[in-house]
Amino acid sequence: MLSLKNPFHDAEVRPHQRAVLRALLWFTCSAVLLFAVMHLYIGDTWLAVAELCLVGYAALLLYVLQEMDRLRTRSLLFIVPFFVVMMYALASPENGLTVFVWVLLVPLLSHLLLGRWQGMLVAMVFMMCAGVIFVFKFEMTPGMPGLIEVVHISLCAIAIFGFSYVYEVSRERTEEELRRLALVDPLTGLPNRTRFRDVFARERQRYLRHKTPLSLLVVDVDHFKRVNDTLGHDAGDMALRFVADILSGRIRKTDIAGRLGGEEFGILLSGADIDYARPVAVMLRDRVRLRPFRYHGQDIALSVSIGIAELGRDGLDFRSVFAHADRRLYEAKASGRNRVVG
């Protein structure tokens, strides 16, 4: 059965990342521009030039931000030069101890824009660079900051790094759980209709590119209302879980079984034409029929009817393929139930 786990890939755009990147770009276009003017005024020309280049780069990215995909990569391509210019500013002899306060932005921005692992790596690299610059800059300088000042700065930087990392871990877990809840049927644990259609769309692309066959099985529990009416909704829920376990447990890992709604399930057989799908459907039908559902010590016979359709043969979109499978499902029910039509 296809895994539901869907980690955030680079191609995905998280709304908060776009908002943070936009804020950082606006900050660069305003505050960094102000710093560039100040550094130019005091004669720190090379730092001013670097800052002006960064401002121009930020303005360009801000202009095309709405059209940008692969946002995490674009964020990395901006945040690295942003931090490099920051390191240059830290090393400048024109800047004193207070400039090191900007190092506290490094872990925060890294985790917000790049996620847990990339953010941690980038933050560690640039915070270590800042530490090296701090030591070399003030080691031989009269009036070097005392131990207390150094400890304050170091502990504050470490704390912000730790809090940023913990926050990002917690946010990713919460986001993943919300994503899982949005894509999984809470009763059976199977993919819901939304997830099912997403997988169909992906498999459709494979079909269009490589002509990889795909078959859809629509499965409906026969006389399900009778189970609810005679034994209660708790029995009905258990019966649906029972059928879901059989369907998901008897297909390949490359296939996917989902709950489409009510007592109706769907199965996508990847790389399978309708000739392959028919015996699979018969096997699933027989498996449900021959394995009685046990409820409070009572064996209850269940059966399913199945309609089959094939991508290409029965249409090129989900609506068309599903309509053909659904029509055949009702043919199976009309011909006596516990049947496979396709």
# chains A, B, ... in the order shown; residues from 1 in each chain; ligands from 1
>>> residues_around(residues="Ala277 (chain A)", least_positions_apart="4", cutoff="12 Å", atoms="only C-alpha atoms", output="number ranges by chain")
A: 213-218, 251, 255, 267-273, 281-284, 306-311, 325, 340-342
>>> residues_around(residues="Leu260 (chain A)", least_positions_apart="5", cutoff="7 Å", atoms="only C-alpha atoms", output="compact mmCIF listing (two decimals) with N, CA and C atoms, in the first residue's frame")
# COMPACT_ATOMS: atom_id res chain seq x y z
N ASN A 192 -8.29 9.21 2.56
CA ASN A 192 -9.64 9.66 2.25
C ASN A 192 -9.75 10.01 0.76
N ARG A 193 -10.89 10.52 0.37
CA ARG A 193 -11.15 10.79 -1.05
C ARG A 193 -10.16 11.81 -1.62
N PHE A 265 -15.48 2.09 -0.97
CA PHE A 265 -14.02 2.14 -0.97
C PHE A 265 -13.52 2.20 -2.41
N GLY A 266 -12.30 2.68 -2.57
CA GLY A 266 -11.66 2.69 -3.88
C GLY A 266 -10.28 2.07 -3.79
>>> atom_distance(atom1="CA of Val227 (chain A)", atom2="CA of Arg259 (chain A)")
18.2 Å
>>> select_by_dssp(residues="region 21-228 of chain A", states="strand (DSSP E or B)", output="list in words")
Val184, Pro191, Leu214, Ser215, Leu216, Leu217, Val218, Val219, Asp220 and Val221 of chain A
>>> write_last_selection(atoms="N, CA, C and O atoms", output="PDB file, in the first residue's frame")
ATOM      1  N   VAL A 184      -6.454  11.437   5.811  1.00  0.00           N
ATOM      2  CA  VAL A 184      -6.768  10.091   6.266  1.00  0.00           C
ATOM      3  C   VAL A 184      -8.192  10.034   6.797  1.00  0.00           C
ATOM      4  O   VAL A 184      -8.642  10.930   7.512  1.00  0.00           O
ATOM      5  N   PRO A 191      -6.484   6.220   3.350  1.00  0.00           N
ATOM      6  CA  PRO A 191      -6.537   7.533   2.689  1.00  0.00           C
ATOM      7  C   PRO A 191      -7.986   7.919   2.397  1.00  0.00           C
ATOM      8  O   PRO A 191      -8.808   7.073   2.037  1.00  0.00           O
ATOM      9  N   LEU A 214      -3.296   1.834 -15.361  1.00  0.00           N
ATOM     10  CA  LEU A 214      -3.845   2.070 -14.028  1.00  0.00           C
ATOM     11  C   LEU A 214      -5.308   1.656 -14.029  1.00  0.00           C
ATOM     12  O   LEU A 214      -6.069   2.063 -14.894  1.00  0.00           O
ATOM     13  N   SER A 215      -5.664   0.839 -13.043  1.00  0.00           N
ATOM     14  CA  SER A 215      -7.053   0.403 -12.918  1.00  0.00           C
ATOM     15  C   SER A 215      -7.634   0.891 -11.598  1.00  0.00           C
ATOM     16  O   SER A 215      -6.929   0.984 -10.583  1.00  0.00           O
ATOM     17  N   LEU A 216      -8.927   1.198 -11.642  1.00  0.00           N
ATOM     18  CA  LEU A 216      -9.650   1.661 -10.454  1.00  0.00           C
ATOM     19  C   LEU A 216     -10.736   0.650 -10.108  1.00  0.00           C
ATOM     20  O   LEU A 216     -11.537   0.263 -10.956  1.00  0.00           O
ATOM     21  N   LEU A 217     -10.730   0.229  -8.852  1.00  0.00           N
ATOM     22  CA  LEU A 217     -11.780  -0.621  -8.329  1.00  0.00           C
ATOM     23  C   LEU A 217     -12.629   0.211  -7.366  1.00  0.00           C
ATOM     24  O   LEU A 217     -12.091   0.853  -6.459  1.00  0.00           O
ATOM     25  N   VAL A 218     -13.938   0.220  -7.573  1.00  0.00           N
ATOM     26  CA  VAL A 218     -14.857   0.845  -6.626  1.00  0.00           C
ATOM     27  C   VAL A 218     -15.593  -0.286  -5.916  1.00  0.00           C
ATOM     28  O   VAL A 218     -16.263  -1.108  -6.550  1.00  0.00           O
ATOM     29  N   VAL A 219     -15.447  -0.323  -4.602  1.00  0.00           N
ATOM     30  CA  VAL A 219     -15.942  -1.433  -3.778  1.00  0.00           C
ATOM     31  C   VAL A 219     -17.026  -0.911  -2.846  1.00  0.00           C
ATOM     32  O   VAL A 219     -16.823   0.099  -2.157  1.00  0.00           O
ATOM     33  N   ASP A 220     -18.144  -1.612  -2.794  1.00  0.00           N
ATOM     34  CA  ASP A 220     -19.248  -1.196  -1.914  1.00  0.00           C
ATOM     35  C   ASP A 220     -19.695  -2.397  -1.077  1.00  0.00           C
ATOM     36  O   ASP A 220     -19.854  -3.511  -1.595  1.00  0.00           O
ATOM     37  N   VAL A 221     -19.886  -2.164   0.224  1.00  0.00           N
ATOM     38  CA  VAL A 221     -20.323  -3.231   1.125  1.00  0.00           C
ATOM     39  C   VAL A 221     -21.816  -3.485   0.904  1.00  0.00           C
ATOM     40  O   VAL A 221     -22.637  -2.561   1.001  1.00  0.00           O
TER      41      VAL A 221
END
>>> residues_around(residues="region 168-177 of chain A", least_positions_apart="3", cutoff="7 Å", atoms="only C-alpha atoms", output="list of chain:residue names")
A:His111, A:Gly115, A:Arg116, A:Ser164, A:Tyr165, A:Arg180, A:Leu181
>>> atom_distance(atom1="CA of Val321 (chain A)", atom2="CA of Tyr207 (chain A)")
13.4 Å
>>> closest_residue(among="A:Ala157, A:Leu108, A:Val32, A:Leu113", to="Leu77 (chain A)", atoms="only C-alpha atoms")
A:Leu113
>>> closest_residue(among="A:Val80, A:Leu112, A:Val288, A:Met87", to="Ile133 (chain A)", atoms="only C-alpha atoms")
A:Met87
>>> residues_around(residues="Asp237 (chain A)", least_positions_apart="2", cutoff="10 Å", atoms="only C-alpha atoms", output="JSON, numbers by chain")
{"A": [187, 188, 227, 228, 232, 233, 234, 235, 239, 240, 241, 242, 263]}
>>> write_last_selection(atoms="all heavy atoms", output="mmCIF file, in the first residue's frame")
data_model
loop_
_atom_site.group_PDB
_atom_site.id
_atom_site.type_symbol
_atom_site.label_atom_id
_atom_site.label_comp_id
_atom_site.auth_asym_id
_atom_site.auth_seq_id
_atom_site.Cartn_x
_atom_site.Cartn_y
_atom_site.Cartn_z
ATOM 1 N N LEU A 187 -11.973 6.898 10.647
ATOM 2 C CA LEU A 187 -12.558 5.638 11.089
ATOM 3 C C LEU A 187 -11.694 4.443 10.694
ATOM 4 O O LEU A 187 -11.395 3.571 11.520
ATOM 5 C CB LEU A 187 -13.967 5.487 10.520
ATOM 6 C CG LEU A 187 -14.675 4.160 10.836
ATOM 7 C CD1 LEU A 187 -14.892 4.012 12.339
ATOM 8 C CD2 LEU A 187 -16.002 4.053 10.086
ATOM 9 N N THR A 188 -11.305 4.379 9.433
ATOM 10 C CA THR A 188 -10.591 3.197 8.928
ATOM 11 C C THR A 188 -9.084 3.363 8.886
ATOM 12 O O THR A 188 -8.363 2.371 8.781
ATOM 13 C CB THR A 188 -11.084 2.863 7.511
ATOM 14 O OG1 THR A 188 -10.752 3.966 6.637
ATOM 15 C CG2 THR A 188 -12.587 2.646 7.492
ATOM 16 N N VAL A 227 -26.760 -3.961 8.507
ATOM 17 C CA VAL A 227 -25.863 -4.131 9.655
ATOM 18 C C VAL A 227 -26.092 -3.015 10.669
ATOM 19 O O VAL A 227 -26.209 -3.265 11.880
ATOM 20 C CB VAL A 227 -24.385 -4.138 9.198
ATOM 21 C CG1 VAL A 227 -23.442 -4.209 10.400
ATOM 22 C CG2 VAL A 227 -24.119 -5.300 8.252
ATOM 23 N N ASN A 228 -26.177 -1.793 10.169
ATOM 24 C CA ASN A 228 -26.418 -0.658 11.061
ATOM 25 C C ASN A 228 -27.774 -0.767 11.760
ATOM 26 O O ASN A 228 -27.891 -0.514 12.967
ATOM 27 C CB ASN A 228 -26.356 0.658 10.281
ATOM 28 C CG ASN A 228 -24.947 1.212 10.181
ATOM 29 O OD1 ASN A 228 -24.099 0.914 11.018
ATOM 30 N ND2 ASN A 228 -24.692 2.005 9.158
ATOM 31 N N GLY A 232 -26.575 -1.935 15.142
ATOM 32 C CA GLY A 232 -26.171 -0.627 15.643
ATOM 33 C C GLY A 232 -24.978 -0.055 14.891
ATOM 34 O O GLY A 232 -24.268 -0.762 14.166
ATOM 35 N N HIS A 233 -24.763 1.238 15.093
ATOM 36 C CA HIS A 233 -23.702 1.927 14.349
ATOM 37 C C HIS A 233 -22.304 1.508 14.796
ATOM 38 O O HIS A 233 -21.356 1.583 14.018
ATOM 39 C CB HIS A 233 -23.877 3.444 14.479
ATOM 40 C CG HIS A 233 -25.060 3.968 13.714
ATOM 41 N ND1 HIS A 233 -25.032 4.152 12.356
ATOM 42 C CD2 HIS A 233 -26.302 4.317 14.116
ATOM 43 C CE1 HIS A 233 -26.205 4.616 11.941
ATOM 44 N NE2 HIS A 233 -26.997 4.725 13.002
ATOM 45 N N ASP A 234 -22.170 1.077 16.030
ATOM 46 C CA ASP A 234 -20.863 0.589 16.474
ATOM 47 C C ASP A 234 -20.460 -0.636 15.671
ATOM 48 O O ASP A 234 -19.310 -0.764 15.239
ATOM 49 C CB ASP A 234 -20.912 0.259 17.963
ATOM 50 C CG ASP A 234 -19.574 -0.263 18.472
ATOM 51 O OD1 ASP A 234 -18.583 0.499 18.391
ATOM 52 O OD2 ASP A 234 -19.511 -1.427 18.916
ATOM 53 N N ALA A 235 -21.409 -1.537 15.444
ATOM 54 C CA ALA A 235 -21.140 -2.713 14.611
ATOM 55 C C ALA A 235 -20.828 -2.296 13.175
ATOM 56 O O ALA A 235 -19.944 -2.864 12.515
ATOM 57 C CB ALA A 235 -22.337 -3.657 14.636
ATOM 58 N N ALA A 239 -17.496 -3.060 11.150
ATOM 59 C CA ALA A 239 -17.571 -3.766 9.868
ATOM 60 C C ALA A 239 -16.774 -3.024 8.797
ATOM 61 O O ALA A 239 -16.072 -3.634 7.977
ATOM 62 C CB ALA A 239 -19.029 -3.923 9.438
ATOM 63 N N LEU A 240 -16.868 -1.701 8.786
ATOM 64 C CA LEU A 240 -16.102 -0.918 7.818
ATOM 65 C C LEU A 240 -14.603 -1.066 8.058
ATOM 66 O O LEU A 240 -13.821 -1.183 7.097
ATOM 67 C CB LEU A 240 -16.511 0.553 7.900
ATOM 68 C CG LEU A 240 -17.905 0.904 7.380
ATOM 69 C CD1 LEU A 240 -18.212 2.381 7.609
ATOM 70 C CD2 LEU A 240 -18.044 0.558 5.895
ATOM 71 N N ARG A 241 -14.189 -1.058 9.315
ATOM 72 C CA ARG A 241 -12.767 -1.271 9.613
ATOM 73 C C ARG A 241 -12.331 -2.671 9.190
ATOM 74 O O ARG A 241 -11.205 -2.858 8.710
ATOM 75 C CB ARG A 241 -12.502 -1.030 11.099
ATOM 76 C CG ARG A 241 -12.545 0.438 11.499
ATOM 77 C CD ARG A 241 -11.946 0.645 12.882
ATOM 78 N NE ARG A 241 -12.812 0.124 13.925
ATOM 79 C CZ ARG A 241 -13.702 0.850 14.584
ATOM 80 N NH1 ARG A 241 -13.866 2.134 14.281
ATOM 81 N NH2 ARG A 241 -14.438 0.304 15.533
ATOM 82 N N PHE A 242 -13.204 -3.631 9.397
ATOM 83 C CA PHE A 242 -12.922 -5.018 9.007
ATOM 84 C C PHE A 242 -12.675 -5.108 7.494
ATOM 85 O O PHE A 242 -11.691 -5.695 7.036
ATOM 86 C CB PHE A 242 -14.104 -5.889 9.428
ATOM 87 C CG PHE A 242 -14.053 -7.311 8.939
ATOM 88 C CD1 PHE A 242 -13.286 -8.257 9.592
ATOM 89 C CD2 PHE A 242 -14.798 -7.692 7.826
ATOM 90 C CE1 PHE A 242 -13.254 -9.571 9.137
ATOM 91 C CE2 PHE A 242 -14.759 -9.004 7.359
ATOM 92 C CZ PHE A 242 -13.985 -9.944 8.021
ATOM 93 N N GLU A 263 -20.032 3.517 2.895
ATOM 94 C CA GLU A 263 -19.518 2.145 2.831
ATOM 95 C C GLU A 263 -18.805 1.870 1.512
ATOM 96 O O GLU A 263 -18.624 0.717 1.125
ATOM 97 C CB GLU A 263 -20.658 1.144 3.032
ATOM 98 C CG GLU A 263 -21.705 1.140 1.942
ATOM 99 C CD GLU A 263 -22.859 2.102 2.213
ATOM 100 O OE1 GLU A 263 -22.651 3.113 2.926
ATOM 101 O OE2 GLU A 263 -23.966 1.862 1.709
#
>>> select_by_dssp(residues="region 57-290 of chain A", states="alpha helix (DSSP H)", output="ChimeraX atom specification")
/A:57-64,71-91,105-114,116-138,147-183,193-210,224-231,233-249,274-290
>>> residues_around(residues="Arg339 (chain A)", least_positions_apart="2", cutoff="6 Å", atoms="only C-alpha atoms", output="NGL selection string")
:A and (305 or 332 or 337)
>>> residues_around(residues="region 290-297 of chain A", least_positions_apart="2", cutoff="9 Å", atoms="only C-alpha atoms", output="CSV table (one decimal) with C-alpha atoms, in the first residue's frame")
chain,number,residue,atom,x,y,z
A,235,ALA,CA,-21.1,-2.7,14.6
A,238,MET,CA,-16.4,-2.2,13.1
A,239,ALA,CA,-17.6,-3.8,9.9
A,242,PHE,CA,-12.9,-5.0,9.0
A,243,VAL,CA,-13.4,-4.5,5.2
A,285,ARG,CA,-14.5,-10.2,-3.1
A,286,ASP,CA,-13.9,-13.8,-2.1
A,287,ARG,CA,-11.7,-12.8,0.8
A,288,VAL,CA,-14.4,-10.6,2.3
A,299,ASP,CA,-20.2,-14.3,13.1
A,300,ILE,CA,-21.8,-11.9,10.5
A,301,ALA,CA,-21.4,-12.6,6.8
A,302,LEU,CA,-20.4,-9.7,4.7
A,303,SER,CA,-20.0,-9.3,1.0
>>> residues_around(residues="Leu121 (chain A)", least_positions_apart="2", cutoff="12 Å", atoms="only C-alpha atoms", output="number ranges by chain")
A: 76, 80, 106-107, 110-111, 114-119, 123-128, 161, 165
>>> closest_residue(among="A:Val37, A:Val304, A:Ala58, A:Ile160", to="Leu105 (chain A)", atoms="only C-alpha atoms")
A:Ile160
>>> atom_distance(atom1="CA of Arg18 (chain A)", atom2="CA of Ala201 (chain A)")
26.1 Å
